[in-house]
$ cat coords.cif   # mmCIF, C-alpha atoms
data_my_file
loop_
_atom_site.group_PDB
_atom_site.id
_atom_site.type_symbol
_atom_site.label_atom_id
_atom_site.label_comp_id
_atom_site.auth_asym_id
_atom_site.auth_seq_id
_atom_site.Cartn_x
_atom_site.Cartn_y
_atom_site.Cartn_z
ATOM 1 C CA MET A 88 0.000 0.000 0.000
ATOM 2 C CA SER A 89 1.477 3.346 -1.003
ATOM 3 C CA ASN A 90 1.718 6.242 1.398
ATOM 4 C CA GLU A 91 -0.407 8.327 -0.994
ATOM 5 C CA ALA A 92 -3.153 5.710 -0.935
ATOM 6 C CA HIS A 93 -3.109 5.554 2.825
ATOM 7 C CA ARG A 94 -3.242 9.350 3.121
ATOM 8 C CA ALA A 95 -6.034 9.947 0.610
ATOM 9 C CA GLY A 96 -6.803 13.645 0.298
ATOM 10 C CA GLY A 97 -9.912 15.162 1.815
ATOM 11 C CA PHE A 98 -11.238 16.293 -1.556
ATOM 12 C CA GLN A 99 -10.788 12.798 -2.969
ATOM 13 C CA ILE A 100 -12.864 11.373 -0.129
ATOM 14 C CA ALA A 101 -15.436 14.161 -0.466
ATOM 15 C CA PHE A 102 -15.665 13.431 -4.200
ATOM 16 C CA LEU A 103 -16.321 9.753 -3.436
ATOM 17 C CA ILE A 104 -19.149 10.666 -1.052
ATOM 18 C CA VAL A 105 -20.784 13.061 -3.527
ATOM 19 C CA ALA A 106 -20.311 10.550 -6.364
ATOM 20 C CA LEU A 107 -22.263 7.947 -4.413
ATOM 21 C CA LEU A 108 -25.177 10.390 -4.133
ATOM 22 C CA PHE A 109 -25.076 11.262 -7.840
ATOM 23 C CA LEU A 110 -25.029 7.580 -8.786
ATOM 24 C CA ALA A 111 -28.108 7.040 -6.646
ATOM 25 C CA ALA A 112 -30.155 9.544 -8.685
ATOM 26 C CA PRO A 113 -30.277 7.569 -11.964
ATOM 27 C CA ALA A 114 -30.696 4.343 -9.990
ATOM 28 C CA GLU A 115 -33.771 5.838 -8.329
ATOM 29 C CA LYS A 116 -35.165 7.077 -11.649
ATOM 30 C CA TYR A 117 -34.623 4.014 -13.825
ATOM 31 C CA PHE A 118 -34.582 1.080 -11.419
ATOM 32 C CA PHE A 119 -35.953 1.689 -7.939
ATOM 33 C CA SER A 120 -38.979 3.627 -9.221
ATOM 34 C CA GLN A 121 -40.110 0.438 -10.981
ATOM 35 C CA TRP A 122 -40.055 -1.594 -7.761
ATOM 36 C CA THR A 123 -43.707 -1.259 -6.815
ATOM 37 C CA TRP A 124 -43.477 -3.405 -3.666
ATOM 38 C CA ALA A 125 -40.802 -1.115 -2.245
ATOM 39 C CA GLN A 126 -42.866 1.946 -3.113
ATOM 40 C CA GLU A 127 -45.966 0.528 -1.456
ATOM 41 C CA HIS A 128 -44.056 -0.095 1.785
ATOM 42 C CA ALA A 129 -41.958 3.111 1.566
ATOM 43 C CA ILE A 130 -38.736 1.095 1.594
ATOM 44 C CA PRO A 131 -35.749 3.498 1.373
ATOM 45 C CA VAL A 132 -34.088 1.499 -1.395
ATOM 46 C CA THR A 133 -31.995 4.431 -2.615
ATOM 47 C CA ARG A 134 -30.413 4.987 0.795
ATOM 48 C CA LEU A 135 -29.935 1.259 1.186
ATOM 49 C CA ALA A 136 -28.198 1.087 -2.205
ATOM 50 C CA ILE A 137 -25.879 3.967 -1.258
ATOM 51 C CA PHE A 138 -24.847 2.187 1.931
ATOM 52 C CA ILE A 139 -24.329 -1.106 0.085
ATOM 53 C CA VAL A 140 -22.056 0.544 -2.500
ATOM 54 C CA ALA A 141 -20.177 2.449 0.217
ATOM 55 C CA ALA A 142 -19.715 -0.739 2.257
ATOM 56 C CA ALA A 143 -18.450 -2.550 -0.844
ATOM 57 C CA VAL A 144 -15.809 0.155 -1.337
ATOM 58 C CA LEU A 145 -14.838 0.410 2.329
ATOM 59 C CA PHE A 146 -14.611 -3.314 3.002
ATOM 60 C CA GLY A 147 -13.959 -4.661 -0.493
ATOM 61 C CA VAL A 148 -10.731 -2.812 -1.298
ATOM 62 C CA PRO A 149 -7.972 -4.486 0.776
ATOM 63 C CA TRP A 150 -6.015 -1.422 1.966
ATOM 64 C CA VAL A 151 -9.225 0.490 2.689
ATOM 65 C CA ARG A 152 -10.605 -2.493 4.603
ATOM 66 C CA ARG A 153 -7.475 -2.684 6.728
ATOM 67 C CA ARG A 154 -7.756 0.979 7.612
ATOM 68 C CA CYS A 155 -11.469 0.601 8.427
ATOM 69 C CA LEU A 156 -10.750 -2.305 10.740
ATOM 70 C CA ARG A 157 -8.036 -0.301 12.483
ATOM 71 C CA LEU A 158 -10.450 2.583 12.979
ATOM 72 C CA LEU A 159 -13.086 0.268 14.426
ATOM 73 C CA ALA A 160 -10.648 -1.651 16.633
ATOM 74 C CA ALA A 161 -10.131 0.992 19.332
ATOM 75 C CA PRO A 162 -12.650 0.469 22.166
ATOM 76 C CA ILE A 163 -14.383 3.256 24.059
ATOM 77 C CA PRO A 164 -12.165 3.954 27.102
ATOM 78 C CA ALA A 165 -13.462 2.851 30.471
ATOM 79 C CA GLY A 166 -15.219 5.626 32.331
ATOM 80 C CA ARG A 167 -16.356 7.462 29.185
ATOM 81 C CA GLY A 168 -19.878 6.034 29.204
ATOM 82 C CA ARG A 169 -21.296 9.178 30.800
ATOM 83 C CA GLU A 170 -19.713 11.340 28.143
ATOM 84 C CA VAL A 171 -21.224 9.200 25.397
ATOM 85 C CA ALA A 172 -24.639 9.486 27.078
ATOM 86 C CA GLY A 173 -24.148 13.229 27.464
ATOM 87 C CA ALA A 174 -23.272 13.531 23.772
ATOM 88 C CA VAL A 175 -26.518 11.747 22.878
ATOM 89 C CA MET A 176 -28.485 14.204 25.030
ATOM 90 C CA LEU A 177 -26.637 17.165 23.512
ATOM 91 C CA ASN A 178 -27.414 15.813 20.046
ATOM 92 C CA ILE A 179 -31.119 15.538 20.889
ATOM 93 C CA THR A 180 -30.967 19.094 22.222
ATOM 94 C CA ALA A 181 -29.398 20.129 18.909
ATOM 95 C CA ALA A 182 -32.295 18.557 16.993
ATOM 96 C CA PHE A 183 -34.825 20.638 18.964
ATOM 97 C CA ALA A 184 -32.557 23.674 18.615
ATOM 98 C CA ALA A 185 -32.364 23.252 14.827
ATOM 99 C CA VAL A 186 -36.166 23.296 14.628
ATOM 100 C CA GLY A 187 -36.168 26.368 16.864
ATOM 101 C CA ALA A 188 -33.618 28.103 14.638
ATOM 102 C CA THR A 189 -35.685 27.364 11.531
ATOM 103 C CA VAL A 190 -38.891 28.577 13.160
ATOM 104 C CA LEU A 191 -37.218 31.739 14.425
ATOM 105 C CA LEU A 192 -35.794 32.482 10.974
ATOM 106 C CA ILE A 193 -39.202 32.017 9.328
ATOM 107 C CA TRP A 194 -40.822 34.247 11.947
ATOM 108 C CA LEU A 195 -38.190 36.973 11.563
ATOM 109 C CA VAL A 196 -38.473 36.991 7.759
ATOM 110 C CA GLY A 197 -42.215 36.506 7.261
ATOM 111 C CA GLY A 198 -43.830 37.016 10.637
ATOM 112 C CA GLU A 199 -46.715 34.985 12.033
ATOM 113 C CA PRO A 200 -48.446 34.401 8.636
ATOM 114 C CA ALA A 201 -45.342 32.699 7.197
ATOM 115 C CA LEU A 202 -44.944 30.554 10.313
ATOM 116 C CA ALA A 203 -48.627 29.598 10.216
ATOM 117 C CA ARG A 204 -48.340 28.503 6.577
ATOM 118 C CA ARG A 205 -45.232 26.470 7.402
ATOM 119 C CA GLU A 206 -46.972 24.622 10.211
ATOM 120 C CA GLY A 207 -50.128 24.087 8.195
ATOM 121 C CA ASN A 208 -48.129 21.941 5.779
ATOM 122 C CA GLU A 209 -46.897 19.515 8.466
ATOM 123 C CA ALA A 210 -48.343 16.001 8.318
ATOM 124 C CA LYS A 211 -50.817 15.171 11.075
ATOM 125 C CA ALA A 212 -49.705 13.140 14.071
ATOM 126 C CA ALA A 213 -51.764 10.063 13.153
ATOM 127 C CA GLN A 214 -50.255 10.001 9.658
ATOM 128 C CA GLN A 215 -46.712 10.405 10.977
ATOM 129 C CA LEU A 216 -47.219 7.612 13.515
ATOM 130 C CA GLN A 217 -48.595 5.311 10.831
ATOM 131 C CA GLU A 218 -45.619 6.014 8.570
ATOM 132 C CA ALA A 219 -43.153 5.472 11.432
ATOM 133 C CA LEU A 220 -44.637 2.087 12.348
ATOM 134 C CA ALA A 221 -44.768 0.905 8.737
ATOM 135 C CA LEU A 222 -42.033 -1.343 7.384
ATOM 136 C CA GLY A 223 -40.317 1.547 5.627
ATOM 137 C CA GLY A 224 -40.338 3.704 8.741
ATOM 138 C CA VAL A 225 -38.881 0.975 10.944
ATOM 139 C CA LEU A 226 -36.251 0.098 8.344
ATOM 140 C CA THR A 227 -35.259 3.756 7.906
ATOM 141 C CA SER A 228 -35.100 4.782 11.573
ATOM 142 C CA ILE A 229 -34.007 1.580 13.307
ATOM 143 C CA VAL A 230 -32.084 -0.600 10.840
ATOM 144 C CA LEU A 231 -30.477 1.992 8.564
ATOM 145 C CA GLY A 232 -30.474 4.926 10.968
ATOM 146 C CA GLY A 233 -29.578 3.007 14.086
ATOM 147 C CA PHE A 234 -27.036 0.474 12.851
ATOM 148 C CA ILE A 235 -25.918 0.502 9.210
ATOM 149 C CA GLY A 236 -25.809 4.242 8.561
ATOM 150 C CA PRO A 237 -23.782 5.243 11.637
ATOM 151 C CA VAL A 238 -21.033 2.712 10.913
ATOM 152 C CA ILE A 239 -20.655 3.677 7.240
ATOM 153 C CA GLU A 240 -21.005 7.425 7.792
ATOM 154 C CA GLU A 241 -18.664 7.612 10.775
ATOM 155 C CA ILE A 242 -15.958 5.724 8.898
ATOM 156 C CA LEU A 243 -16.327 8.014 5.883
ATOM 157 C CA PHE A 244 -16.831 11.376 7.566
ATOM 158 C CA ARG A 245 -15.035 11.159 10.903
ATOM 159 C CA GLY A 246 -12.580 8.335 10.231
ATOM 160 C CA PHE A 247 -11.422 9.345 6.730
ATOM 161 C CA LEU A 248 -12.616 12.848 5.816
ATOM 162 C CA LEU A 249 -12.013 14.562 9.167
ATOM 163 C CA SER A 250 -8.586 12.964 9.414
ATOM 164 C CA ALA A 251 -7.582 14.156 5.942
ATOM 165 C CA TRP A 252 -8.874 17.718 6.307
ATOM 166 C CA SER A 253 -7.506 18.086 9.845
ATOM 167 C CA ARG A 254 -4.024 17.258 8.513
ATOM 168 C CA GLN A 255 -4.418 19.932 5.853
ATOM 169 C CA TRP A 256 -6.135 22.733 7.784
ATOM 170 C CA GLY A 257 -6.028 21.910 11.489
ATOM 171 C CA TRP A 258 -8.745 20.228 13.519
ATOM 172 C CA LEU A 259 -11.185 23.165 13.818
ATOM 173 C CA ARG A 260 -11.286 24.036 10.117
ATOM 174 C CA GLY A 261 -11.331 20.343 9.289
ATOM 175 C CA ALA A 262 -14.236 19.835 11.695
ATOM 176 C CA ILE A 263 -16.247 22.681 10.181
ATOM 177 C CA ALA A 264 -15.553 21.564 6.591
ATOM 178 C CA THR A 265 -16.477 17.979 7.420
ATOM 179 C CA SER A 266 -19.679 19.119 9.136
ATOM 180 C CA VAL A 267 -20.676 21.340 6.209
ATOM 181 C CA LEU A 268 -20.405 18.414 3.801
ATOM 182 C CA PHE A 269 -22.123 16.072 6.260
ATOM 183 C CA ALA A 270 -25.018 18.543 6.567
ATOM 184 C CA ALA A 271 -25.167 19.065 2.795
ATOM 185 C CA VAL A 272 -25.815 15.376 2.066
ATOM 186 C CA HIS A 273 -28.583 15.122 4.681
ATOM 187 C CA PRO A 274 -32.064 16.680 4.517
ATOM 188 C CA ASN A 275 -32.025 18.426 7.922
ATOM 189 C CA HIS A 276 -29.045 20.708 7.368
ATOM 190 C CA PHE A 277 -28.986 22.638 10.656
ATOM 191 C CA SER A 278 -29.462 19.573 12.816
ATOM 192 C CA GLN A 279 -26.895 17.492 10.961
ATOM 193 C CA PHE A 280 -24.271 20.246 11.050
ATOM 194 C CA PHE A 281 -24.539 20.448 14.839
ATOM 195 C CA ALA A 282 -24.638 16.657 15.093
ATOM 196 C CA SER A 283 -21.432 16.305 13.092
ATOM 197 C CA LEU A 284 -19.592 18.687 15.431
ATOM 198 C CA ILE A 285 -20.776 16.633 18.407
ATOM 199 C CA TYR A 286 -19.604 13.376 16.780
ATOM 200 C CA ILE A 287 -16.215 14.976 16.128
ATOM 201 C CA CYS A 288 -15.872 16.141 19.733
ATOM 202 C CA VAL A 289 -16.757 12.771 21.231
ATOM 203 C CA TYR A 290 -14.383 11.087 18.773
ATOM 204 C CA ARG A 291 -11.522 13.390 19.756
ATOM 205 C CA ARG A 292 -12.153 12.996 23.477
ATOM 206 C CA THR A 293 -12.465 9.201 23.468
ATOM 207 C CA GLY A 294 -10.018 8.337 20.685
ATOM 208 C CA SER A 295 -12.455 5.653 19.555
ATOM 209 C CA LEU A 296 -14.593 5.733 16.432
ATOM 210 C CA ARG A 297 -17.014 3.455 18.250
ATOM 211 C CA ALA A 298 -18.065 6.382 20.453
ATOM 212 C CA PRO A 299 -19.515 8.569 17.647
ATOM 213 C CA ILE A 300 -21.018 5.440 16.067
ATOM 214 C CA VAL A 301 -22.901 4.729 19.305
ATOM 215 C CA VAL A 302 -23.936 8.383 19.724
ATOM 216 C CA HIS A 303 -25.001 8.585 16.080
ATOM 217 C CA GLY A 304 -27.036 5.370 16.208
ATOM 218 C CA LEU A 305 -28.781 6.149 19.512
ATOM 219 C CA PHE A 306 -29.606 9.649 18.301
ATOM 220 C CA ASN A 307 -31.131 8.410 15.052
ATOM 221 C CA MET A 308 -33.248 5.821 16.847
ATOM 222 C CA SER A 309 -34.365 8.319 19.486
ATOM 223 C CA LEU A 310 -35.794 10.568 16.752
ATOM 224 C CA TRP A 311 -38.074 7.778 15.552
ATOM 225 C CA TYR A 312 -41.551 9.303 15.706
ATOM 226 C CA PRO A 313 -42.982 7.043 18.456
ATOM 227 C CA LEU A 314 -40.087 8.169 20.689
ATOM 228 C CA VAL A 315 -38.623 11.693 20.814
ATOM 229 C CA GLY A 316 -39.572 12.471 17.228
ATOM 230 C CA GLN A 317 -43.193 13.194 18.094
ATOM 231 C CA PHE A 318 -42.164 16.073 20.366
ATOM 232 C CA LEU A 319 -39.941 17.979 17.920
ATOM 233 C CA PHE A 320 -42.907 20.022 16.681
ATOM 234 C CA PRO A 321 -45.430 21.128 19.344
ATOM 235 C CA ALA A 322 -48.920 19.982 18.393
ATOM 236 C CA ALA A 323 -50.492 23.163 19.756
ATOM 237 C CA ALA A 324 -48.554 25.247 17.234
ATOM 238 C CA ARG A 325 -50.208 23.647 14.194
ATOM 239 C CA GLY A 326 -51.760 26.262 11.949
ATOM 240 C CA THR A 327 -50.733 29.177 14.151
ATOM 241 C CA GLY A 328 -47.926 31.658 13.856
ATOM 242 C CA GLU A 329 -47.424 32.308 17.547
ATOM 243 C CA LEU A 330 -43.759 32.030 18.487
ATOM 244 C CA SER A 331 -44.586 31.329 22.150
ATOM 245 C CA TYR A 332 -45.574 27.733 21.328
ATOM 246 C CA TRP A 333 -41.941 27.079 20.405
ATOM 247 C CA TRP A 334 -40.469 28.084 23.756
ATOM 248 C CA PHE A 335 -38.857 24.679 24.364
ATOM 249 C CA ASN A 336 -37.160 24.615 20.955
ATOM 250 C CA LEU A 337 -35.907 28.162 21.497
ATOM 251 C CA LEU A 338 -34.657 27.214 24.973
ATOM 252 C CA CYS A 339 -32.734 24.303 23.415
ATOM 253 C CA LEU A 340 -31.286 26.727 20.875
ATOM 254 C CA ALA A 341 -30.005 28.935 23.714
ATOM 255 C CA ILE A 342 -28.574 25.913 25.563
ATOM 256 C CA LEU A 343 -26.857 24.654 22.416
ATOM 257 C CA ALA A 344 -25.359 28.099 21.751
ATOM 258 C CA ILE A 345 -23.528 27.779 25.081
ATOM 259 C CA ALA A 346 -22.949 24.025 25.425
ATOM 260 C CA LEU A 347 -21.622 23.184 21.945
ATOM 261 C CA PRO A 348 -18.847 25.825 21.882
ATOM 262 C CA MET A 349 -17.844 24.708 25.380
ATOM 263 C CA TYR A 350 -17.694 21.079 24.258
ATOM 264 C CA MET A 351 -15.625 22.043 21.239
ATOM 265 C CA ARG A 352 -13.312 24.089 23.442
ATOM 266 C CA ILE A 353 -12.540 21.197 25.780
ATOM 267 C CA SER A 354 -12.038 18.959 22.733
ATOM 268 C CA ARG A 355 -9.512 21.187 21.007
ATOM 269 C CA ASP A 356 -6.428 19.823 22.747
ATOM 270 C CA GLU A 357 -7.337 16.161 22.410
ATOM 271 C CA PRO A 358 -5.060 14.135 20.085
#
$ encode --input "coords.cif" --output "structure tokens"
Amino acid sequence: MSNEAHRAGGFQIAFLIVALLFLAAPAEKYFFSQWTWAQEHAIPVTRLAIFIVAAAVLFGVPWVRRRCLRLLAAPIPAGRGREVAGAVMLNITAAFAAVGATVLLIWLVGGEPALARREGNEAKAAQQLQEALALGGVLTSIVLGGFIGPVIEEILFRGFLLSAWSRQWGWLRGAIATSVLFAAVHPNHFSQFFASLIYICVYRRTGSLRAPIVVHGLFNMSLWYPLVGQFLFPAAARGTGELSYWWFNLLCLAILAIALPMYMRISRDEP
């Protein structure tokens, strides 16, 4: 294995990630759209295909597989269980904060009418619960979100991409660049940007890629609608533009504005 192969550049890794997404588009249009059974059960076949291709690259190419196994080999240090649990709670706080930030932005730009229109378009609770309990919802939130996705994404983004960009630009710039790309390839941009920073901090402080994998997986499963997911949007706010209904989300935004910079500060000197 050459030294250049081992030290693949950040932009090469970023290109691989984006290429996987672009390849999924024609697959969705010409192949997956014809799979009526998957459509009927809302099976996320495109996401599943992306993870399968990524896993084939990560574990099929010998030198890449060896590096992946080395990344996954380091255990979470004893006594760091509370920090992992705290990172999960901070990540959940970030999810509520991201909703609060979006709501506040809509309210500042368009006032109560714009916020009322935004909430009027949200699916009703009964529909969201039905979708979450369906095969597609369980597969997306529990199987892909809780187990497969965190392993693949943490290897790619924190194990490979963060390492490469941190060598080039230093850990803070590398962390921000990695988080921007991580947010860009996910639908909930604000939430995923904050989440990526949290995964990076817990990775730096534990020295184990297993820690962000655990935090990532537990966070994804906690946002399943029958669990924490049902509380992200207050039911009383539906169809109204009153900002007061969003007090908890705005409180989480204030907490995150203090807690996340502090967590990043204490993570800066970790190896």
$ residues_around --input "coords.cif" --residues "stretch 341-357 of chain A" --least-positions-apart "3" --cutoff "6 Å" --atoms "only C-alpha atoms" --output "compact mmCIF listing (two decimals) with C-alpha atoms, in the frame of the given file"
# COMPACT_ATOMS: atom_id res chain seq x y z
CA CYS A 288 -15.87 16.14 19.73
CA ARG A 291 -11.52 13.39 19.76
CA ARG A 292 -12.15 13.00 23.48
CA LEU A 338 -34.66 27.21 24.97
$ atom_distance --input "coords.cif" --atom1 "atom CA of A:Pro274" --atom2 "atom CA of A:Arg260"
22.7 Å
$ closest_residue --input "coords.cif" --among "A:Val175, A:Ala106, A:Ala251, A:Val186" --to "A:Ser283" --atoms "only C-alpha atoms"
A:Val175
$ closest_residue --input "coords.cif" --among "A:Val272, A:Pro164, A:Val230, A:Gly261" --to "A:Thr293" --atoms "only C-alpha atoms"
A:Pro164
$ atom_distance --input "coords.cif" --atom1 "atom CA of A:Val302" --atom2 "atom CA of A:Pro237"
8.7 Å
$ closest_residue --input "coords.cif" --among "A:Cys339, A:Leu159, A:Ile137, A:Ala324" --to "A:Arg204" --atoms "all atoms listed in the file"
A:Ala324
$ residues_around --input "coords.cif" --residues "A:Ile235" --least-positions-apart "4" --cutoff "10 Å" --atoms "all atoms listed in the file" --output "list in words"
Leu135, Phe138, Ile139, Ala142, Thr227, Ile229, Val230, Leu231, Ile239, Glu240, Ile300 and Gly304 of chain A
$ write_last_selection --input "coords.cif" --atoms "C-alpha atoms" --output "compact mmCIF listing (two decimals), keeping the file's coordinate frame"
# COMPACT_ATOMS: atom_id res chain seq x y z
CA LEU A 135 -29.94 1.26 1.19
CA PHE A 138 -24.85 2.19 1.93
CA ILE A 139 -24.33 -1.11 0.08
CA ALA A 142 -19.72 -0.74 2.26
CA THR A 227 -35.26 3.76 7.91
CA ILE A 229 -34.01 1.58 13.31
CA VAL A 230 -32.08 -0.60 10.84
CA LEU A 231 -30.48 1.99 8.56
CA ILE A 239 -20.66 3.68 7.24
CA GLU A 240 -21.00 7.42 7.79
CA ILE A 300 -21.02 5.44 16.07
CA GLY A 304 -27.04 5.37 16.21
$ atom_distance --input "coords.cif" --atom1 "atom CA of A:Arg157" --atom2 "atom CA of A:Val132"
29.6 Å
$ resolve_selection --input "coords.cif" --expression "the PyMOL selection byres ((chain A and resi 252) around 10)" --output "list of chain:residue names"
A:Gly96, A:Gly97, A:Phe98, A:Ile100, A:Phe247, A:Leu248, A:Leu249, A:Ser250, A:Ala251, A:Ser253, A:Arg254, A:Gln255, A:Trp256, A:Gly257, A:Trp258, A:Leu259, A:Arg260, A:Gly261, A:Ala262, A:Ile263, A:Ala264, A:Thr265
$ residues_around --input "coords.cif" --residues "A:Ala323" --least-positions-apart "4" --cutoff "10 Å" --atoms "only C-alpha atoms" --output "list in words"
Thr327, Glu329, Tyr332 and Trp333 of chain A
$ closest_residue --input "coords.cif" --among "A:Leu177, A:Val190, A:Leu268, A:Leu340" --to "A:Tyr286" --atoms "only C-alpha atoms"
A:Leu177
$ resolve_selection --input "coords.cif" --expression "the PyMOL selection byres ((chain A and resi 326) around 12)" --output "ChimeraX atom specification"
/A:199-211,320-325,327-330,332
$ write_last_selection --input "coords.cif" --atoms "C-alpha atoms" --output "PDB file, in the coordinates of the input"
ATOM      1  CA  GLU A 199     -46.715  34.985  12.033  1.00  0.00           C
ATOM      2  CA  PRO A 200     -48.446  34.401   8.636  1.00  0.00           C
ATOM      3  CA  ALA A 201     -45.342  32.699   7.197  1.00  0.00           C
ATOM      4  CA  LEU A 202     -44.944  30.554  10.313  1.00  0.00           C
ATOM      5  CA  ALA A 203     -48.627  29.598  10.216  1.00  0.00           C
ATOM      6  CA  ARG A 204     -48.340  28.503   6.577  1.00  0.00           C
ATOM      7  CA  ARG A 205     -45.232  26.470   7.402  1.00  0.00           C
ATOM      8  CA  GLU A 206     -46.972  24.622  10.211  1.00  0.00           C
ATOM      9  CA  GLY A 207     -50.128  24.087   8.195  1.00  0.00           C
ATOM     10  CA  ASN A 208     -48.129  21.941   5.779  1.00  0.00           C
ATOM     11  CA  GLU A 209     -46.897  19.515   8.466  1.00  0.00           C
ATOM     12  CA  ALA A 210     -48.343  16.001   8.318  1.00  0.00           C
ATOM     13  CA  LYS A 211     -50.817  15.171  11.075  1.00  0.00           C
ATOM     14  CA  PHE A 320     -42.907  20.022  16.681  1.00  0.00           C
ATOM     15  CA  PRO A 321     -45.430  21.128  19.344  1.00  0.00           C
ATOM     16  CA  ALA A 322     -48.920  19.982  18.393  1.00  0.00           C
ATOM     17  CA  ALA A 323     -50.492  23.163  19.756  1.00  0.00           C
ATOM     18  CA  ALA A 324     -48.554  25.247  17.234  1.00  0.00           C
ATOM     19  CA  ARG A 325     -50.208  23.647  14.194  1.00  0.00           C
ATOM     20  CA  THR A 327     -50.733  29.177  14.151  1.00  0.00           C
ATOM     21  CA  GLY A 328     -47.926  31.658  13.856  1.00  0.00           C
ATOM     22  CA  GLU A 329     -47.424  32.308  17.547  1.00  0.00           C
ATOM     23  CA  LEU A 330     -43.759  32.030  18.487  1.00  0.00           C
ATOM     24  CA  TYR A 332     -45.574  27.733  21.328  1.00  0.00           C
TER      25      TYR A 332
END
$ closest_residue --input "coords.cif" --among "A:Ala282, A:Val301, A:Leu296, A:Leu243" --to "A:Ala182" --atoms "all atoms listed in the file"
A:Ala282
$ decode --input "coords.cif" --residues "stretch 330-335 of chain A" --atoms "all heavy atoms" --output "short mmCIF file (atom, residue, chain, number, x, y, z; two decimals), in the first residue's frame"
data_model
loop_
_atom_site.label_atom_id
_atom_site.label_comp_id
_atom_site.auth_asym_id
_atom_site.auth_seq_id
_atom_site.Cartn_x
_atom_site.Cartn_y
_atom_site.Cartn_z
N LEU A 330 -45.10 32.50 18.16
CA LEU A 330 -43.76 32.03 18.49
C LEU A 330 -43.69 31.42 19.89
O LEU A 330 -42.81 30.60 20.17
CB LEU A 330 -42.77 33.19 18.37
CG LEU A 330 -41.28 32.84 18.31
CD1 LEU A 330 -40.97 31.99 17.09
CD2 LEU A 330 -40.45 34.11 18.28
N SER A 331 -44.61 31.79 20.76
CA SER A 331 -44.59 31.33 22.15
C SER A 331 -44.75 29.81 22.26
O SER A 331 -44.28 29.22 23.24
CB SER A 331 -45.67 32.03 22.97
OG SER A 331 -46.96 31.76 22.43
N TYR A 332 -45.40 29.19 21.29
CA TYR A 332 -45.57 27.73 21.33
C TYR A 332 -44.24 27.00 21.19
O TYR A 332 -44.13 25.83 21.53
CB TYR A 332 -46.50 27.27 20.21
CG TYR A 332 -47.97 27.60 20.46
CD1 TYR A 332 -48.65 28.48 19.63
CD2 TYR A 332 -48.65 27.01 21.51
CE1 TYR A 332 -49.99 28.79 19.84
CE2 TYR A 332 -49.99 27.31 21.74
CZ TYR A 332 -50.65 28.20 20.91
OH TYR A 332 -51.97 28.49 21.13
N TRP A 333 -43.23 27.71 20.69
CA TRP A 333 -41.94 27.08 20.40
C TRP A 333 -40.91 27.37 21.49
O TRP A 333 -39.71 27.28 21.24
CB TRP A 333 -41.43 27.59 19.05
CG TRP A 333 -42.37 27.28 17.94
CD1 TRP A 333 -43.39 28.06 17.48
CD2 TRP A 333 -42.39 26.10 17.15
NE1 TRP A 333 -44.04 27.44 16.45
CE2 TRP A 333 -43.45 26.22 16.22
CE3 TRP A 333 -41.61 24.94 17.13
CZ2 TRP A 333 -43.76 25.24 15.30
CZ3 TRP A 333 -41.92 23.97 16.19
CH2 TRP A 333 -42.97 24.11 15.30
N TRP A 334 -41.38 27.67 22.69
CA TRP A 334 -40.47 28.08 23.76
C TRP A 334 -39.42 27.01 24.06
O TRP A 334 -38.26 27.35 24.33
CB TRP A 334 -41.27 28.43 25.02
CG TRP A 334 -41.93 27.24 25.68
CD1 TRP A 334 -43.17 26.78 25.44
CD2 TRP A 334 -41.34 26.38 26.66
NE1 TRP A 334 -43.43 25.67 26.20
CE2 TRP A 334 -42.32 25.40 26.97
CE3 TRP A 334 -40.11 26.33 27.30
CZ2 TRP A 334 -42.08 24.39 27.89
CZ3 TRP A 334 -39.87 25.31 28.22
CH2 TRP A 334 -40.85 24.37 28.51
N PHE A 335 -39.82 25.72 24.02
CA PHE A 335 -38.86 24.68 24.36
C PHE A 335 -37.77 24.57 23.30
O PHE A 335 -36.58 24.42 23.62
CB PHE A 335 -39.56 23.33 24.53
CG PHE A 335 -38.63 22.23 24.98
CD1 PHE A 335 -38.18 22.19 26.29
CD2 PHE A 335 -38.20 21.25 24.10
CE1 PHE A 335 -37.31 21.19 26.71
CE2 PHE A 335 -37.33 20.26 24.51
CZ PHE A 335 -36.89 20.23 25.83
#
